[in-house]
file run.cif (mmCIF, C-alpha atoms)
data_query
#
loop_
_atom_site.label_atom_id
_atom_site.label_comp_id
_atom_site.auth_asym_id
_atom_site.auth_seq_id
_atom_site.Cartn_x
_atom_site.Cartn_y
_atom_site.Cartn_z
CA MET A 27 -20.08 28.75 28.95
CA SER A 28 -17.07 30.63 30.16
CA ASP A 29 -15.37 30.71 33.52
CA VAL A 30 -15.99 33.71 35.74
CA ARG A 31 -12.76 34.68 37.44
CA ASP A 32 -11.34 37.44 39.59
CA SER A 33 -8.51 38.97 37.55
CA LYS A 34 -6.34 39.46 40.64
CA LYS A 35 -6.79 36.13 42.37
CA GLY A 36 -7.51 33.89 39.39
CA GLU A 37 -10.33 32.31 41.39
CA LEU A 38 -13.74 31.37 40.13
CA PHE A 39 -16.68 33.17 41.61
CA PHE A 40 -20.40 33.08 40.92
CA ARG A 41 -22.60 36.10 40.42
CA ALA A 42 -26.19 35.73 41.57
CA ALA A 43 -28.72 35.31 38.77
CA GLY A 44 -30.29 38.64 37.96
CA SER A 45 -27.15 40.78 38.09
CA PRO A 46 -26.01 42.43 34.83
CA THR A 47 -23.28 39.80 34.37
CA SER A 48 -25.11 36.84 35.88
CA GLN A 49 -24.56 33.30 34.68
CA VAL A 50 -26.70 30.37 35.67
CA VAL A 51 -24.07 27.80 34.70
CA VAL A 52 -20.27 28.06 34.64
CA ASN A 53 -17.35 25.73 33.99
CA PHE A 54 -14.58 25.90 36.53
CA GLU A 55 -11.22 24.50 37.59
CA LEU A 56 -9.68 25.36 40.96
CA ARG A 57 -6.27 24.33 42.25
CA ASP A 58 -6.31 26.32 45.47
CA PRO A 59 -8.19 25.11 48.58
CA ASP A 60 -8.88 28.72 49.58
CA ALA A 61 -10.60 29.32 46.23
CA LEU A 62 -12.83 26.29 46.76
CA ALA A 63 -13.63 27.36 50.32
CA ASP A 64 -14.48 30.83 49.04
CA LEU A 65 -16.86 29.47 46.39
CA LEU A 66 -18.67 27.19 48.84
CA SER A 67 -18.78 29.86 51.53
CA ARG A 68 -20.48 32.36 49.26
CA ARG A 69 -22.99 29.87 47.89
CA PHE A 70 -23.89 28.14 51.17
CA SER A 71 -22.11 28.98 54.43
CA PRO A 72 -18.49 29.49 55.53
CA VAL A 73 -16.35 26.32 55.44
CA LYS A 74 -12.77 25.30 56.13
CA ILE A 75 -10.89 22.78 54.00
CA LEU A 76 -8.56 20.42 55.84
CA PRO A 77 -6.14 17.91 54.26
CA VAL A 78 -6.45 14.20 54.99
CA ASP A 79 -3.20 12.66 56.27
CA ALA A 80 -1.30 15.82 55.28
CA ALA A 81 -1.93 15.09 51.60
CA PRO A 82 -1.60 18.12 49.30
CA PHE A 83 -4.72 19.65 47.78
CA GLY A 84 -5.14 18.50 44.20
CA ALA A 85 -7.76 20.18 42.04
CA VAL A 86 -11.50 20.56 41.64
CA SER A 87 -13.13 20.93 38.25
CA GLY A 88 -16.54 20.59 36.68
CA THR A 89 -19.70 22.44 35.79
CA TYR A 90 -21.75 24.30 38.34
CA GLY A 91 -25.17 25.95 38.18
CA ALA A 92 -27.37 27.87 40.61
CA HIS A 93 -30.76 29.54 40.49
CA ALA A 94 -33.05 30.82 43.25
CA GLY A 95 -32.13 28.40 46.04
CA ILE A 96 -31.17 25.39 43.91
CA ASP A 97 -27.57 24.43 43.07
CA PHE A 98 -26.68 21.61 40.69
CA SER A 99 -23.24 20.40 39.64
CA ARG A 100 -20.96 17.81 38.13
CA THR A 101 -17.60 17.88 39.91
CA ARG A 102 -14.38 15.91 40.07
CA TYR A 103 -11.84 16.13 42.91
CA THR A 104 -8.23 14.97 42.92
CA GLY A 105 -6.73 14.41 46.33
CA ASP A 106 -8.43 13.72 49.64
CA PHE A 107 -9.69 16.47 51.93
CA THR A 108 -12.40 17.35 54.46
CA LEU A 109 -14.91 20.22 54.47
CA VAL A 110 -15.78 21.56 57.92
CA PRO A 111 -18.68 24.06 58.15
CA GLN A 112 -18.21 27.16 60.26
CA HIS A 113 -21.92 27.97 60.21
CA LEU A 114 -24.93 25.78 59.42
CA TYR A 115 -26.81 25.97 56.13
CA ASP A 116 -30.59 25.55 56.06
CA GLY A 117 -30.73 23.18 53.12
CA VAL A 118 -30.33 19.58 51.99
CA PHE A 119 -27.34 18.25 50.00
CA PHE A 120 -28.30 15.44 47.61
CA TYR A 121 -25.13 13.73 46.31
CA PHE A 122 -24.49 10.89 43.82
CA PRO A 123 -20.86 9.70 43.80
CA VAL A 124 -19.87 8.20 40.44
CA HIS A 125 -16.24 7.53 41.43
CA GLY A 126 -14.56 7.32 44.82
CA HIS A 127 -16.64 7.94 47.92
CA MET A 128 -17.62 10.58 50.46
CA LEU A 129 -18.27 10.35 54.19
CA VAL A 130 -20.59 12.79 55.93
CA ASP A 131 -20.45 13.11 59.71
CA GLN A 132 -23.85 14.16 61.07
CA GLY A 133 -23.00 13.64 64.70
CA ARG A 134 -25.38 10.81 65.52
CA GLU A 135 -24.79 9.01 62.22
CA GLN A 136 -22.21 8.62 59.49
CA LEU A 137 -23.41 8.72 55.88
CA LEU A 138 -21.27 6.89 53.32
CA GLY A 139 -21.91 7.79 49.70
CA THR A 140 -20.62 5.39 47.04
CA THR A 141 -21.27 4.65 43.37
CA THR A 142 -24.38 2.69 44.41
CA LYS A 143 -25.50 4.70 47.44
CA ALA A 144 -26.69 8.30 47.19
CA ILE A 145 -26.89 10.46 50.30
CA ALA A 146 -29.04 13.33 51.54
CA ALA A 147 -27.02 15.37 54.04
CA GLU A 148 -28.77 17.89 56.26
CA GLY A 149 -27.13 21.29 56.13
CA PHE A 150 -28.16 22.06 59.70
CA ALA A 151 -26.71 18.80 61.05
CA TYR A 152 -23.52 17.86 59.23
CA ARG A 153 -20.20 18.36 60.98
CA SER A 154 -17.87 17.45 58.14
CA MET A 155 -17.71 15.99 54.64
CA THR A 156 -14.67 13.96 53.60
CA PHE A 157 -13.99 13.40 49.88
CA SER A 158 -11.62 10.58 49.00
CA GLY A 159 -10.60 8.22 46.22
CA ASN A 160 -10.53 11.03 43.63
CA LEU A 161 -14.23 11.62 44.12
CA ALA A 162 -16.45 12.45 41.16
CA LYS A 163 -20.07 13.24 41.92
CA ARG A 164 -23.32 14.71 40.73
CA GLY A 165 -25.11 16.94 43.20
CA VAL A 166 -28.23 18.96 43.85
CA VAL A 167 -28.48 21.30 46.85
CA ILE A 168 -31.85 22.83 47.72
CA SER A 169 -32.68 25.30 50.46
CA ARG A 170 -35.08 23.86 53.02
CA PRO A 171 -37.58 26.76 52.83
CA LEU A 172 -37.86 26.15 49.09
CA LEU A 173 -38.55 22.43 49.65
CA ALA A 174 -41.21 23.22 52.26
CA GLU A 175 -42.88 25.81 50.07
CA ARG A 176 -43.03 23.53 47.02
CA LEU A 177 -44.27 20.59 49.07
CA SER A 178 -47.10 22.66 50.54
CA ILE A 179 -48.14 23.62 46.99
CA LEU A 180 -48.10 20.02 45.78
CA LEU A 181 -50.08 18.81 48.80
CA GLY A 182 -52.53 21.69 48.58
CA ARG A 183 -52.06 22.58 52.25
CA PRO A 184 -49.37 23.88 54.59
CA ILE A 185 -47.08 21.20 55.96
CA VAL A 186 -47.04 20.87 59.73
CA GLU A 187 -43.47 19.58 60.11
CA LYS A 188 -40.38 19.99 57.96
CA PRO A 189 -39.75 17.15 55.47
CA LEU A 190 -37.05 14.69 56.52
CA PHE A 191 -35.27 12.81 53.72
CA GLU A 192 -33.97 9.25 53.85
CA PRO A 193 -30.23 9.80 54.46
CA VAL A 194 -28.86 6.91 52.34
CA VAL A 195 -30.72 5.45 49.36
CA ASN A 196 -30.15 3.15 46.41
CA ALA A 197 -28.88 5.36 43.59
CA GLY A 198 -30.09 2.89 40.98
CA THR A 199 -33.85 3.37 41.35
CA PRO A 200 -35.53 4.66 38.16
CA GLY A 201 -36.52 7.97 39.75
CA LEU A 202 -33.03 8.73 41.05
CA GLN A 203 -31.41 7.64 37.80
CA ALA A 204 -33.67 10.14 36.07
CA LEU A 205 -32.59 12.82 38.53
CA GLN A 206 -28.93 12.10 37.79
CA ALA A 207 -29.68 12.28 34.07
CA LEU A 208 -31.27 15.70 34.62
CA VAL A 209 -28.08 16.92 36.34
CA GLU A 210 -25.99 15.60 33.43
CA PHE A 211 -28.32 17.28 30.96
CA ALA A 212 -28.41 20.62 32.78
CA THR A 213 -24.61 20.75 33.07
CA GLY A 214 -23.88 19.33 29.62
CA ALA A 215 -22.10 21.28 26.87
CA GLY A 216 -25.12 20.94 24.60
CA PHE A 217 -27.69 22.42 26.99
CA GLY A 218 -25.92 24.34 29.76
CA PRO A 219 -25.17 27.45 27.66
CA ALA A 220 -28.89 27.91 26.94
CA LEU A 221 -29.54 28.39 30.66
CA ASN A 222 -27.44 31.55 30.65
CA VAL A 223 -29.75 33.22 28.11
CA GLY A 224 -33.10 31.51 28.67
CA PRO A 225 -34.89 32.68 31.86
CA LEU A 226 -38.08 30.75 31.04
CA THR A 227 -36.08 27.55 30.58
CA VAL A 228 -34.31 28.15 33.88
CA ARG A 229 -37.61 28.47 35.74
CA ARG A 230 -38.90 25.21 34.25
CA LEU A 231 -35.65 23.46 35.20
CA HIS A 232 -35.98 24.90 38.70
CA GLU A 233 -39.40 23.26 39.11
CA MET A 234 -38.19 19.98 37.61
CA PHE A 235 -35.41 19.66 40.15
CA LEU A 236 -37.81 20.35 43.02
CA ASP A 237 -40.50 17.97 41.81
CA MET A 238 -38.10 15.15 40.93
CA ILE A 239 -36.44 15.32 44.35
CA LEU A 240 -39.80 15.32 46.16
CA GLU A 241 -41.17 12.52 44.00
CA ALA A 242 -38.13 10.23 43.71
CA TRP A 243 -36.24 10.64 47.01
CA PRO A 244 -38.06 9.01 49.98
CA HIS A 245 -39.03 11.48 52.68
CA SER A 246 -41.49 11.92 55.54
CA TYR A 247 -44.22 13.25 53.22
CA SER A 248 -43.79 10.71 50.40
CA LYS A 249 -46.87 8.72 51.40
CA ALA A 250 -49.07 11.83 51.47
CA LEU A 251 -47.62 13.07 48.17
CA HIS A 252 -48.34 9.79 46.40
CA LYS A 253 -51.77 9.31 47.94
CA PRO A 254 -54.44 8.91 45.22
CA SER A 255 -56.30 12.18 44.73
CA THR A 256 -59.54 10.29 44.13
CA CYS A 257 -59.79 9.21 47.77
CA ILE A 258 -63.18 10.53 48.96
CA ALA A 259 -63.75 11.28 52.63
CA PRO A 260 -66.87 9.79 54.28
CA ARG A 261 -69.81 12.06 55.03
CA HIS A 262 -68.99 12.73 58.70
CA VAL A 263 -65.42 13.79 57.85
CA LYS A 264 -66.57 15.94 54.94
CA LEU A 265 -69.09 17.71 57.17
CA VAL A 266 -66.34 18.73 59.55
CA LEU A 267 -63.94 19.68 56.74
CA ASP A 268 -66.61 21.97 55.30
CA PHE A 269 -67.39 23.46 58.73
CA ILE A 270 -63.72 24.23 59.38
CA ALA A 271 -63.39 25.81 55.92
CA GLU A 272 -66.43 28.03 56.58
CA HIS A 273 -65.44 28.91 60.17
CA PRO A 274 -61.62 28.77 60.16
CA ASN A 275 -61.08 31.00 63.18
CA ALA A 276 -63.87 29.58 65.32
CA PRO A 277 -62.45 28.01 68.52
CA THR A 278 -64.30 24.72 68.02
CA SER A 279 -63.23 21.71 70.08
CA GLY A 280 -62.98 18.16 68.80
CA ALA A 281 -66.02 17.18 70.89
CA GLU A 282 -68.09 19.99 69.34
CA LEU A 283 -67.01 18.94 65.85
CA ALA A 284 -67.91 15.33 66.63
CA ALA A 285 -71.39 16.50 67.65
CA ILE A 286 -71.74 18.34 64.35
CA SER A 287 -70.69 15.25 62.41
CA GLY A 288 -72.96 12.88 64.34
CA VAL A 289 -70.22 10.38 65.27
CA SER A 290 -68.07 9.80 68.31
CA LEU A 291 -64.91 11.82 68.81
CA ARG A 292 -62.82 8.67 68.41
CA SER A 293 -64.45 7.88 65.04
CA LEU A 294 -63.95 11.44 63.84
CA GLN A 295 -60.31 11.44 64.89
CA ALA A 296 -59.70 8.15 63.08
CA GLY A 297 -61.42 9.47 59.96
CA PHE A 298 -59.30 12.61 59.97
CA ARG A 299 -56.06 10.74 60.27
CA HIS A 300 -57.03 8.42 57.41
CA PHE A 301 -58.49 10.93 54.96
CA ALA A 302 -56.85 14.22 55.92
CA GLY A 303 -53.51 12.72 56.96
CA THR A 304 -53.36 14.68 60.22
CA SER A 305 -55.16 15.35 63.48
CA ILE A 306 -58.24 17.57 63.82
CA ALA A 307 -56.31 20.28 65.68
CA ALA A 308 -53.44 20.25 63.17
CA TYR A 309 -55.88 20.51 60.26
CA GLN A 310 -57.64 23.48 61.88
CA ARG A 311 -54.27 25.15 62.30
CA GLN A 312 -53.37 24.43 58.68
CA VAL A 313 -56.55 26.13 57.44
CA ARG A 314 -55.97 29.17 59.64
CA LEU A 315 -52.38 29.38 58.41
CA GLU A 316 -53.62 29.25 54.82
CA ARG A 317 -55.93 32.21 55.45
CA ALA A 318 -53.15 34.16 57.15
CA HIS A 319 -50.78 33.35 54.28
CA ARG A 320 -53.37 34.61 51.78
CA ASP A 321 -53.82 37.87 53.69
CA LEU A 322 -50.08 38.43 53.85
CA LEU A 323 -49.70 37.88 50.09
CA ARG A 324 -52.54 40.29 49.37
CA ASN A 325 -50.47 43.08 50.90
CA SER A 326 -52.93 43.74 53.70
CA ALA A 327 -52.46 47.03 55.50
CA LEU A 328 -52.82 45.17 58.79
CA PRO A 329 -49.68 44.45 60.84
CA ILE A 330 -48.59 40.82 60.99
CA GLU A 331 -49.66 40.60 64.65
CA ASP A 332 -53.19 41.70 63.71
CA ILE A 333 -53.41 39.16 60.91
CA ALA A 334 -52.31 36.43 63.32
CA LEU A 335 -54.97 37.49 65.81
CA LYS A 336 -57.61 37.66 63.07
CA TRP A 337 -57.09 33.96 62.35
CA GLY A 338 -57.05 32.80 65.94
CA PHE A 339 -53.34 32.97 66.78
CA THR A 340 -53.16 34.88 70.06
CA ASN A 341 -49.41 34.42 70.48
CA ALA A 342 -47.39 36.17 67.75
CA GLY A 343 -44.23 34.17 68.45
CA ARG A 344 -46.06 30.85 68.23
CA PHE A 345 -47.78 32.00 65.03
CA SER A 346 -44.41 32.83 63.49
CA ARG A 347 -43.05 29.39 64.45
CA TYR A 348 -46.07 27.54 63.04
CA PHE A 349 -45.92 29.64 59.88
CA ARG A 350 -42.22 28.94 59.29
CA GLU A 351 -42.73 25.21 59.90
CA ALA A 352 -45.58 25.17 57.39
CA TYR A 353 -44.16 27.35 54.62
CA GLY A 354 -40.45 27.35 55.27
CA VAL A 355 -40.34 31.16 55.42
CA SER A 356 -41.27 33.78 58.00
CA PRO A 357 -44.55 35.76 57.88
CA PHE A 358 -42.44 38.88 57.40
CA ALA A 359 -40.81 37.41 54.26
CA VAL A 360 -44.22 36.60 52.76
CA ALA A 361 -45.57 40.05 53.62
CA ARG A 362 -42.53 41.64 51.97
CA LYS A 363 -43.06 39.48 48.88
CA GLY A 364 -46.65 40.69 48.70
CA THR A 365 -45.48 44.28 48.44
CA GLN A 366 -43.19 43.60 45.47
#
call {"tool": "encode", "arguments": {"input": "run.cif", "output": "structure tokens"}}
result
Amino acid sequence: MSDVRDSKKGELFFRAAGSPTSQVVVNFELRDPDALADLLSRRFSPVKILPVDAAPFGAVSGTYGAHAGIDFSRTRYTGDFTLVPQHLYDGVFFYFPVHGHMLVDQGREQLLGTTTKAIAAEGFAYRSMTFSGNLAKRGVVISRPLLAERLSILLGRPIVEKPLFEPVVNAGTPGLQALQALVEFATGAGFGPALNVGPLTVRRLHEMFLDMILEAWPHSYSKALHKPSTCIAPRHVKLVLDFIAEHPNAPTSGAELAAISGVSLRSLQAGFRHFAGTSIAAYQRQVRLERAHRDLLRNSALPIEDIALKWGFTNAGRFSRYFREAYGVSPFAVARKGTQ
């Protein structure tokens, strides 16, 4: 691996994977706070770097990798300083300090990362990050749309609400130790160079980071993700599941579905929450979103508004909001992907 530097400024920069001179992984050493701010601004969102107690900026060095919405790194900082975002980033920062500590201000709460406590900082919520004690850390940063999309695939259905990760966790659990080992492996001198010439390997690593985060780091969908797949719904719930699958855009009320199933509405609602993990109305919306998502991917000639109406969404703005919450991307982005 070789550093990628601007010949005039002597600053490291990172070309996006896919360009003629792209690198997935680079080694770097920066001794200028503006160079660090520039790197972070181009990878995530604009930031300012402020000294702590007027202390001079030291240096930042390590190994950094990025591919399709996932960044992973091993970094060491000398000196104390604070990062202040100028714009919010729609992603989650998963950090494992191995020396020193970091403090993340998220407005309503302060997250302290130490050698035993890993933190998940929300890109849309953090106000500052302070690195002190000559911080050394491992990190994985994943865009939120990518997390939502992968989670919907693993669950086999769109997710109704965005996943929320436990902000501070024990870094010593087996799953999180394995995640740290994966970062070490991916940024190591023995393996990192292969990522710059092996696109198939990069894609597998990409999935491993996503799946390990979703499996090992506690979040609002952990229970559903770890639910045994052999759980069989009772007959009355299965009848309604099948009816919804066969008539996804039928405006059927809960009372009408209860009549079809032969049980009371209260019993049907309880069965849905236990076996489907959501309410009847939310499940109906999930199925309709799945059908709309499928139509968009198939490069339908219909406008997005017509597809929304086809599957029972009479308000285009509300459809777009539901769709983004479920898949982490806009209907337009999926339609554009279908044309590629």
call {"tool": "resolve_selection", "arguments": {"input": "run.cif", "expression": "the PyMOL selection byres ((chain A and resi 328-338) around 9)", "output": "PyMOL selection string"}}
result
chain A and resi 274-277+311+314-315+317-318+321-322+325-327+339-342+345-346+357-358+361
call {"tool": "resolve_selection", "arguments": {"input": "run.cif", "expression": "the PyMOL selection byres ((chain A and resi 161) around 10)", "output": "PyMOL selection string"}}
result
chain A and resi 86+101-106+123-128+140-141+156-160+162-163
call {"tool": "closest_residue", "arguments": {"input": "run.cif", "among": "A:Ser87, A:His262, A:Glu148, A:His273", "to": "Ser290 in chain A", "atoms": "all atoms listed in the file"}}
result
A:His262
call {"tool": "atom_distance", "arguments": {"input": "run.cif", "atom1": "CA of Phe54 in chain A", "atom2": "CA of Leu66 in chain A"}}
result
13.0 Å
call {"tool": "closest_residue", "arguments": {"input": "run.cif", "among": "A:Gly218, A:Gly297, A:Gly139, A:Pro244", "to": "Ala92 in chain A", "atoms": "only C-alpha atoms"}}
result
A:Gly218
call {"tool": "residues_around", "arguments": {"input": "run.cif", "residues": "range 194-209 of chain A", "least_positions_apart": "4", "cutoff": "8 Å", "atoms": "all atoms listed in the file", "output": "mmCIF file with C-alpha atoms, in the coordinates of the input"}}
result
data_model
loop_
_atom_site.group_PDB
_atom_site.id
_atom_site.type_symbol
_atom_site.label_atom_id
_atom_site.label_comp_id
_atom_site.auth_asym_id
_atom_site.auth_seq_id
_atom_site.Cartn_x
_atom_site.Cartn_y
_atom_site.Cartn_z
ATOM 1 C CA PHE A 98 -26.680 21.610 40.690
ATOM 2 C CA SER A 99 -23.240 20.400 39.640
ATOM 3 C CA ARG A 100 -20.960 17.810 38.130
ATOM 4 C CA PHE A 122 -24.490 10.890 43.820
ATOM 5 C CA LEU A 137 -23.410 8.720 55.880
ATOM 6 C CA LEU A 138 -21.270 6.890 53.320
ATOM 7 C CA GLY A 139 -21.910 7.790 49.700
ATOM 8 C CA THR A 141 -21.270 4.650 43.370
ATOM 9 C CA THR A 142 -24.380 2.690 44.410
ATOM 10 C CA LYS A 143 -25.500 4.700 47.440
ATOM 11 C CA ALA A 144 -26.690 8.300 47.190
ATOM 12 C CA ILE A 145 -26.890 10.460 50.300
ATOM 13 C CA ALA A 146 -29.040 13.330 51.540
ATOM 14 C CA ARG A 164 -23.320 14.710 40.730
ATOM 15 C CA GLY A 165 -25.110 16.940 43.200
ATOM 16 C CA VAL A 166 -28.230 18.960 43.850
ATOM 17 C CA THR A 213 -24.610 20.750 33.070
ATOM 18 C CA PHE A 235 -35.410 19.660 40.150
ATOM 19 C CA MET A 238 -38.100 15.150 40.930
ATOM 20 C CA ILE A 239 -36.440 15.320 44.350
ATOM 21 C CA GLU A 241 -41.170 12.520 44.000
ATOM 22 C CA ALA A 242 -38.130 10.230 43.710
ATOM 23 C CA TRP A 243 -36.240 10.640 47.010
#
call {"tool": "residues_near_point", "arguments": {"input": "run.cif", "point": "(-59.8, 18.1, 72.5)", "cutoff": "9 Å", "atoms": "only C-alpha atoms", "output": "list in words"}}
result
Ser279, Gly280, Ala281, Leu291, Ile306 and Ala307 of chain A
call {"tool": "write_last_selection", "arguments": {"input": "run.cif", "atoms": "C-alpha atoms", "output": "PDB file, in the coordinates of the input"}}
result
ATOM      1  CA  SER A 279     -63.230  21.710  70.080  1.00  0.00           C
ATOM      2  CA  GLY A 280     -62.980  18.160  68.800  1.00  0.00           C
ATOM      3  CA  ALA A 281     -66.020  17.180  70.890  1.00  0.00           C
ATOM      4  CA  LEU A 291     -64.910  11.820  68.810  1.00  0.00           C
ATOM      5  CA  ILE A 306     -58.240  17.570  63.820  1.00  0.00           C
ATOM      6  CA  ALA A 307     -56.310  20.280  65.680  1.00  0.00           C
TER       7      ALA A 307
END
call {"tool": "atom_distance", "arguments": {"input": "run.cif", "atom1": "CA of Ile75 in chain A", "atom2": "CA of Gly133 in chain A"}}
result
18.6 Å
call {"tool": "atom_distance", "arguments": {"input": "run.cif", "atom1": "CA of Ala250 in chain A", "atom2": "CA of Glu192 in chain A"}}
result
15.5 Å
call {"tool": "closest_residue", "arguments": {"input": "run.cif", "among": "A:Thr108, A:His245, A:Ala212, A:Ala174", "to": "Val78 in chain A", "atoms": "only C-alpha atoms"}}
result
A:Thr108
call {"tool": "closest_residue", "arguments": {"input": "run.cif", "among": "A:Leu76, A:Leu226, A:Leu294, A:Val51", "to": "Leu265 in chain A", "atoms": "all atoms listed in the file"}}
result
A:Leu294
call {"tool": "closest_residue", "arguments": {"input": "run.cif", "among": "A:Leu283, A:Leu251, A:Met155, A:Val118", "to": "Leu190 in chain A", "atoms": "all atoms listed in the file"}}
result
A:Val118
call {"tool": "closest_residue", "arguments": {"input": "run.cif", "among": "A:Gly214, A:Ile96, A:Ala285, A:Phe70", "to": "Met234 in chain A", "atoms": "all atoms listed in the file"}}
result
A:Ile96
call {"tool": "residues_near_point", "arguments": {"input": "run.cif", "point": "(-12.6, 24.9, 59.0)", "cutoff": "7 Å", "atoms": "all atoms listed in the file", "output": "ChimeraX atom specification"}}
result
/A:73-76,109-112
